[in-house]
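Below is target25.txt, holding compact mmCIF, C-alpha atoms.
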# COMPACT_ATOMS: atom_id res chain seq x y z
CA MET A 1 26.51 -34.57 26.31
CA SER A 2 27.33 -31.18 24.80
CA VAL A 3 27.46 -32.28 21.13
CA LEU A 4 25.09 -34.73 19.49
CA VAL A 5 25.47 -35.84 15.89
CA VAL A 6 22.16 -36.51 14.12
CA SER A 7 22.46 -38.91 11.22
CA GLY A 8 20.03 -40.98 9.25
CA THR A 9 19.74 -44.24 7.40
CA GLY A 10 19.13 -42.28 4.21
CA THR A 11 17.67 -39.06 2.89
CA GLU A 12 14.15 -37.61 3.17
CA ILE A 13 13.35 -39.57 6.32
CA GLY A 14 12.60 -36.72 8.74
CA LYS A 15 16.09 -35.98 10.02
CA THR A 16 15.64 -32.19 10.08
CA VAL A 17 12.31 -32.38 11.88
CA VAL A 18 13.78 -34.80 14.44
CA THR A 19 16.70 -32.39 14.95
CA ALA A 20 14.19 -29.59 15.51
CA ALA A 21 12.24 -31.73 17.99
CA VAL A 22 15.41 -32.53 19.96
CA ALA A 23 16.29 -28.82 19.96
CA ALA A 24 12.81 -27.82 21.11
CA ALA A 25 12.79 -30.38 23.91
CA ALA A 26 16.21 -29.21 25.10
CA VAL A 27 15.12 -25.57 25.05
CA ALA A 28 12.00 -26.49 27.03
CA ALA A 29 14.30 -28.16 29.57
CA GLY A 30 16.18 -24.88 29.98
CA ARG A 31 19.22 -25.61 27.80
CA SER A 32 20.80 -23.28 25.26
CA VAL A 33 20.95 -24.95 21.85
CA ALA A 34 22.80 -24.50 18.56
CA VAL A 35 22.31 -26.47 15.38
CA LEU A 36 25.13 -26.95 12.89
CA LYS A 37 24.47 -28.04 9.32
CA PRO A 38 27.92 -28.67 7.85
CA ALA A 39 26.84 -29.05 4.23
CA GLN A 40 23.54 -27.92 2.75
CA THR A 41 22.84 -29.20 -0.74
CA GLY A 42 20.06 -28.60 -3.23
CA VAL A 43 19.11 -25.14 -1.93
CA GLY A 44 19.51 -21.80 -3.68
CA PRO A 45 21.56 -18.91 -2.28
CA ASP A 46 18.56 -17.06 -0.83
CA GLU A 47 16.50 -20.06 0.27
CA PRO A 48 16.32 -21.20 3.91
CA GLY A 49 18.23 -24.42 4.58
CA ASP A 50 17.81 -27.17 7.14
CA ALA A 51 19.49 -25.23 9.96
CA ALA A 52 17.10 -22.32 9.45
CA GLU A 53 14.16 -24.75 9.44
CA VAL A 54 15.28 -26.20 12.77
CA ALA A 55 15.47 -22.69 14.25
CA ARG A 56 12.04 -21.80 12.81
CA LEU A 57 10.43 -24.81 14.44
CA ALA A 58 12.42 -24.95 17.68
CA GLY A 59 12.39 -21.24 18.43
CA PRO A 60 14.30 -17.98 18.01
CA THR A 61 16.71 -18.76 20.84
CA VAL A 62 18.25 -21.58 18.80
CA THR A 63 21.47 -20.61 17.03
CA ALA A 64 21.65 -21.89 13.44
CA LEU A 65 24.92 -22.22 11.53
CA GLU A 66 25.61 -23.58 8.05
CA LEU A 67 29.20 -24.11 6.91
CA ALA A 68 28.83 -24.72 3.18
CA ARG A 69 26.09 -24.65 0.58
CA TYR A 70 26.05 -26.42 -2.77
CA PRO A 71 23.32 -25.84 -5.37
CA GLU A 72 22.65 -29.37 -6.62
CA PRO A 73 20.79 -31.96 -4.48
CA LEU A 74 23.68 -34.43 -4.35
CA ALA A 75 26.12 -35.85 -1.83
CA PRO A 76 28.22 -32.93 -0.50
CA GLY A 77 31.48 -34.14 -2.02
CA THR A 78 29.90 -34.61 -5.44
CA ALA A 79 27.94 -31.35 -5.24
CA ALA A 80 31.08 -29.41 -4.29
CA ARG A 81 33.09 -30.90 -7.14
CA ARG A 82 30.42 -30.15 -9.73
CA ALA A 83 30.03 -26.58 -8.49
CA GLY A 84 33.77 -25.97 -8.33
CA LEU A 85 33.51 -25.13 -4.64
CA ALA A 86 35.65 -26.09 -1.66
CA THR A 87 34.76 -29.23 0.25
CA LEU A 88 34.49 -29.65 4.01
CA SER A 89 36.88 -31.73 6.10
CA PRO A 90 36.01 -33.51 9.35
CA ALA A 91 38.27 -31.00 11.11
CA ASP A 92 36.20 -28.10 9.72
CA ILE A 93 33.04 -29.65 11.13
CA ALA A 94 34.57 -30.56 14.48
CA GLU A 95 36.10 -27.12 14.96
CA ALA A 96 32.81 -25.36 14.23
CA ALA A 97 30.91 -27.65 16.61
CA ALA A 98 33.51 -27.17 19.33
CA ARG A 99 33.24 -23.38 18.99
CA LEU A 100 29.48 -23.54 19.38
CA ALA A 101 29.81 -25.89 22.36
CA ARG A 102 31.78 -23.24 24.24
CA THR A 103 28.71 -20.99 24.35
CA HIS A 104 25.81 -23.47 24.20
CA ASP A 105 24.69 -26.35 26.39
CA LEU A 106 23.85 -28.56 23.41
CA VAL A 107 25.10 -28.53 19.82
CA LEU A 108 23.22 -30.63 17.27
CA VAL A 109 25.24 -31.52 14.16
CA GLU A 110 22.86 -32.58 11.41
CA GLY A 111 24.41 -34.64 8.65
CA ALA A 112 23.47 -34.85 4.98
CA GLY A 113 21.70 -38.06 3.99
CA GLY A 114 23.16 -41.15 5.64
CA LEU A 115 26.14 -41.66 7.92
CA LEU A 116 28.67 -42.52 5.21
CA VAL A 117 27.80 -39.88 2.62
CA ARG A 118 31.08 -38.36 1.42
CA PHE A 119 32.02 -34.78 2.27
CA ASP A 120 35.25 -34.57 0.26
CA GLU A 121 37.45 -36.26 -2.31
CA ALA A 122 39.27 -38.25 0.36
CA GLY A 123 36.04 -40.01 1.30
CA HIS A 124 35.61 -38.43 4.73
CA THR A 125 32.13 -38.69 6.22
CA LEU A 126 30.06 -37.53 9.16
CA ALA A 127 31.41 -40.51 11.09
CA ASP A 128 34.91 -39.01 10.89
CA ALA A 129 33.65 -35.74 12.35
CA ALA A 130 31.86 -37.63 15.14
CA ARG A 131 35.14 -39.38 15.96
CA LEU A 132 37.03 -36.08 16.20
CA LEU A 133 34.32 -34.66 18.44
CA GLY A 134 33.99 -37.76 20.58
CA ALA A 135 30.25 -37.21 20.19
CA PRO A 136 27.43 -39.77 20.25
CA THR A 137 25.23 -40.23 17.20
CA LEU A 138 21.45 -40.31 17.10
CA LEU A 139 20.05 -42.40 14.25
CA VAL A 140 16.90 -41.31 12.45
CA ALA A 141 15.12 -44.11 10.64
CA PRO A 142 11.94 -44.39 8.58
CA ALA A 143 9.08 -46.56 9.74
CA GLY A 144 8.30 -48.58 6.63
CA LEU A 145 9.57 -51.57 4.74
CA GLY A 146 13.37 -51.67 4.37
CA THR A 147 14.18 -49.81 7.55
CA LEU A 148 15.42 -52.86 9.46
CA ASN A 149 18.26 -53.50 7.03
CA SER A 150 19.36 -49.87 6.67
CA THR A 151 19.19 -49.24 10.42
CA ALA A 152 21.14 -52.42 11.22
CA LEU A 153 23.81 -51.49 8.66
CA THR A 154 24.18 -47.97 10.03
CA ALA A 155 24.43 -49.23 13.61
CA GLU A 156 27.01 -51.78 12.50
CA ALA A 157 29.02 -49.05 10.75
CA LEU A 158 29.07 -47.01 13.96
CA ARG A 159 30.23 -49.97 16.03
CA ALA A 160 32.91 -50.87 13.48
CA ARG A 161 34.30 -47.35 13.89
CA GLU A 162 34.04 -47.57 17.70
CA LEU A 163 31.58 -44.68 17.75
CA THR A 164 28.78 -44.35 20.29
CA ALA A 165 25.22 -44.65 19.03
CA LEU A 166 22.71 -43.07 21.39
CA GLY A 167 19.62 -44.71 19.96
CA VAL A 168 17.03 -44.62 17.18
CA VAL A 169 14.20 -42.18 16.54
CA VAL A 170 11.54 -42.93 13.94
CA GLY A 171 11.54 -39.82 11.81
CA SER A 172 7.97 -39.91 10.50
CA TRP A 173 5.53 -42.18 12.28
CA PRO A 174 2.36 -42.65 10.17
CA ALA A 175 -1.04 -41.69 11.53
CA ALA A 176 -2.30 -45.07 10.31
CA PRO A 177 0.75 -47.36 10.33
CA ASP A 178 0.62 -50.45 8.17
CA LEU A 179 1.64 -53.93 9.30
CA ALA A 180 5.26 -53.46 8.19
CA SER A 181 5.63 -50.25 10.19
CA ARG A 182 4.15 -51.82 13.31
CA CYS A 183 6.35 -54.90 13.03
CA ASN A 184 9.41 -52.74 12.34
CA LEU A 185 8.76 -50.70 15.46
CA ALA A 186 8.97 -53.85 17.57
CA ASP A 187 11.99 -55.21 15.68
CA LEU A 188 14.18 -52.08 15.40
CA PRO A 189 15.78 -52.40 18.86
CA THR A 190 16.61 -56.05 18.20
CA VAL A 191 18.18 -55.64 14.76
CA SER A 192 20.08 -52.45 15.63
CA GLY A 193 21.04 -53.27 19.21
CA LEU A 194 19.95 -49.74 20.11
CA PRO A 195 17.09 -48.35 22.20
CA LEU A 196 14.11 -46.61 20.65
CA LEU A 197 14.24 -42.98 21.76
CA GLY A 198 11.21 -41.56 20.05
CA ALA A 199 8.76 -41.44 17.17
CA VAL A 200 7.94 -38.12 15.52
CA PRO A 201 4.48 -38.06 13.91
CA GLU A 202 4.35 -37.59 10.16
CA SER A 203 3.83 -34.00 8.96
CA SER A 204 5.02 -32.57 12.29
CA GLY A 205 7.12 -30.07 10.38
CA THR A 206 3.94 -28.45 9.07
CA LEU A 207 2.64 -27.64 12.56
CA PRO A 208 2.65 -24.02 13.72
CA PRO A 209 6.00 -23.52 15.48
CA ALA A 210 4.42 -22.78 18.87
CA ARG A 211 2.48 -26.06 18.76
CA PHE A 212 5.55 -27.92 17.51
CA ARG A 213 7.55 -26.71 20.53
CA THR A 214 4.78 -27.72 22.93
CA GLU A 215 4.40 -31.22 21.51
CA ALA A 216 8.03 -32.04 20.71
CA PRO A 217 8.92 -33.38 24.19
CA THR A 218 6.06 -35.90 23.94
CA TRP A 219 7.71 -37.46 20.88
CA LEU A 220 11.08 -38.08 22.53
CA ALA A 221 12.34 -40.26 25.38
CA PRO A 222 13.83 -38.86 28.62
CA ALA A 223 17.36 -39.37 27.21
CA LEU A 224 16.43 -36.56 24.79
CA ALA A 225 14.71 -34.39 27.41
CA GLY A 226 11.27 -35.73 26.52
CA THR A 227 8.47 -37.73 28.11
CA TRP A 228 7.88 -40.37 25.41
CA SER A 229 7.75 -43.98 26.63
CA ALA A 230 8.94 -46.74 24.32
CA PRO A 231 7.07 -49.52 26.21
CA ALA A 232 3.80 -47.56 26.09
CA PHE A 233 4.23 -46.72 22.41
CA LEU A 234 5.08 -50.31 21.55
CA THR A 235 2.02 -51.52 23.44
CA THR A 236 -0.20 -49.11 21.52
CA TRP A 237 1.18 -50.08 18.12
CA HIS A 238 1.99 -53.74 18.69
CA PRO A 239 1.34 -55.74 15.50
CA PRO A 240 -1.84 -57.83 15.58
CA THR A 241 -1.57 -61.50 16.37
CA PRO A 242 -1.58 -63.63 13.19
Since I need it in another form, could you write the structure as C-alpha cells?
Amino acid sequence: MSVLVVSGTGTEIGKTVVTAAVAAAAVAAGRSVAVLKPAQTGVGPDEPGDAAEVARLAGPTVTALELARYPEPLAPGTAARRAGLATLSPADIAEAAARLARTHDLVLVEGAGGLLVRFDEAGHTLADAARLLGAPTLLVAPAGLGTLNSTALTAEALRARELTALGVVVGSWPAAPDLASRCNLADLPTVSGLPLLGAVPESSGTLPPARFRTEAPTWLAPALAGTWSAPAFLTTWHPPTP
C-alpha cells in the first residue's frame, strides 16, 4: 500500500488528526510519508491548512502538499466557483499522489468532508480520485449518535463503486463515552462490514507533537502500523448489560 485515501463520514470528525496519527505511526515504523490535501477550504492565504497540521503533529520528515485553497468553508466545487478559481479534477489529484509515491513509501490523501463532496462542476469526488489511483480508503467516523447510518452509507458508496475500504477509525473517542458511543463501537463493524482499525482519543490534536508521535501507534491497529487491539478496546468499552 503506497497510497491511502483518508475520507470521512462528514466534516469536523477528526479526519486530519487521524491522518496525522497514521503518518506518525508509519514514520515510527521507518517509512517515509507524504500527505496530500487536494483542496483546502475555509483557510486564509497565510494560515496553515490541514496538510501543515499533519506535518506539525507527525514530524518534520513528513512532506506536506496542498493543491488548491479556497477562502470560504464550503465544498471545494462550490468554494471554487464562488471565488472564481479553478477546480480540481480527479486526474489532478491522482497525478499529484502518484508523483509523491515515487519518492515516499506512503502517501496519505486527505479528502474534504465526506467521500462524495464535489470537487468540480462535473460532480467528481474523492471516490473518483481513489479509483484512478487504485488506492484503498480509510473511513474516519465519529463516535456518537448518527454514526452508524453515515458510516454504513459511506461503506455502501465505496462498494457500489467497486473501491476498497480498508476499515474504520473512530476520529475522536470521548474520555467518558456515553451509552450511544459504546453501543456504536460494538455495532460499527456489523453495519459497515468493515474492521475497526483504531480509536483516536478526543483532543489528541492538542497534545505536544512529541507526545502525539509517541502515542499515535497505540491508537491504531497493526494494519496501520500500530499496536491497538480492537478486541481489547471493545472489551474495555462494552456497553453495560440492560
Determine, counting only C-alpha atoms, which protein, DNA and RNA residues have an atom within 8 Å of an atom of stretch 75-89 of chain A; residues of the same chain fewer than 6 positions away are not included. Present the result as an MDAnalysis selection string.
-> chainID A and resid 38:41 68 112:113 117:121 124
Pull C-alpha atoms from the residues just selected and write them as a compact mmCIF listing (two decimals), in the coordinates of the input.
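The resulting file, result.txt, is shown below:
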# COMPACT_ATOMS: atom_id res chain seq x y z
CA PRO A 38 27.92 -28.67 7.85
CA ALA A 39 26.84 -29.05 4.23
CA GLN A 40 23.54 -27.92 2.75
CA THR A 41 22.84 -29.20 -0.74
CA ALA A 68 28.83 -24.72 3.18
CA ALA A 112 23.47 -34.85 4.98
CA GLY A 113 21.70 -38.06 3.99
CA VAL A 117 27.80 -39.88 2.62
CA ARG A 118 31.08 -38.36 1.42
CA PHE A 119 32.02 -34.78 2.27
CA ASP A 120 35.25 -34.57 0.26
CA GLU A 121 37.45 -36.26 -2.31
CA HIS A 124 35.61 -38.43 4.73
Interface rows for stretch 4-115 of chain A against stretch 135-153 of chain A: nearest pair, Å to one decimal, 8 Å, only C-alpha atoms, as a Markdown table:
| residue | atom | partner | partner_atom | distance |
| --- | --- | --- | --- | --- |
| A:Leu4 | CA | A:Pro136 | CA | 5.6 |
| A:Val5 | CA | A:Thr137 | CA | 4.6 |
| A:Val6 | CA | A:Leu138 | CA | 4.9 |
| A:Ser7 | CA | A:Leu139 | CA | 5.2 |
| A:Gly8 | CA | A:Val140 | CA | 4.5 |
| A:Thr9 | CA | A:Ala141 | CA | 5.6 |
| A:Gly10 | CA | A:Ala141 | CA | 7.8 |
| A:Ile13 | CA | A:Pro142 | CA | 5.5 |
| A:Gly14 | CA | A:Val140 | CA | 7.3 |
| A:Lys15 | CA | A:Val140 | CA | 5.9 |
| A:Val18 | CA | A:Val140 | CA | 7.5 |
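One distance worth recording is that between atom CA of A:Asp128 and atom CA of A:Ala91, which is 8.7 Å.
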12 Å contact set for A:Ala58, all atoms listed in the file, chain neighbours under 5 positions out, as a VMD selection string = chain A and resid 16 to 28 32 to 35 51 to 53 63 to 64 204 to 205 207 to 217
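Using all atoms listed in the file, the shortest contact distance between A:Leu197 and any of A:Thr11, A:Ser2, A:Ser229, A:Thr241 is found at A:Ser229.
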Minimum-distance residue to A:Trp228, chosen among A:Gly198, A:Gly111, A:Pro242, A:Gly171 (using all atoms listed in the file) | A:Gly198
Sphere at (23.8, -48.2, 15.1), radius 8 Å, counting only C-alpha atoms: residues as a PyMOL selection string = chain A and resi 139+151-159+165+167-168+192-194
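A straight line drawn from atom CA of A:Pro231 to atom CA of A:Leu57 is 27.6 Å long.
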Name all residues at most 12 Å from A:Pro48 (count all atoms listed in the file; drop same-chain ones fewer than 6 positions away) and give them as a PyMOL selection string.
-> chain A and resi 37+40-42+54-56+64-66+69
Store the residues picked out above in a file with C-alpha atoms, as a short mmCIF file (atom, residue, chain, number, x, y, z; two decimals), keeping the file's coordinate frame.
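Printed below is result.cif as written:
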data_model
loop_
_atom_site.label_atom_id
_atom_site.label_comp_id
_atom_site.auth_asym_id
_atom_site.auth_seq_id
_atom_site.Cartn_x
_atom_site.Cartn_y
_atom_site.Cartn_z
CA LYS A 37 24.47 -28.04 9.32
CA GLN A 40 23.54 -27.92 2.75
CA THR A 41 22.84 -29.20 -0.74
CA GLY A 42 20.06 -28.60 -3.23
CA VAL A 54 15.28 -26.20 12.77
CA ALA A 55 15.47 -22.69 14.25
CA ARG A 56 12.04 -21.80 12.81
CA ALA A 64 21.65 -21.89 13.44
CA LEU A 65 24.92 -22.22 11.53
CA GLU A 66 25.61 -23.58 8.05
CA ARG A 69 26.09 -24.65 0.58
#
What is the distance, in Å and to one decimal place, between atom CA of A:Pro240 and atom CA of A:Val200?
-> 22.0 Å
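Take the candidates A:Leu106, A:Leu166, A:Leu234, A:Ala223 and check each one against A:Asp187 using all atoms listed in the file; the shortest distance goes to A:Leu234.
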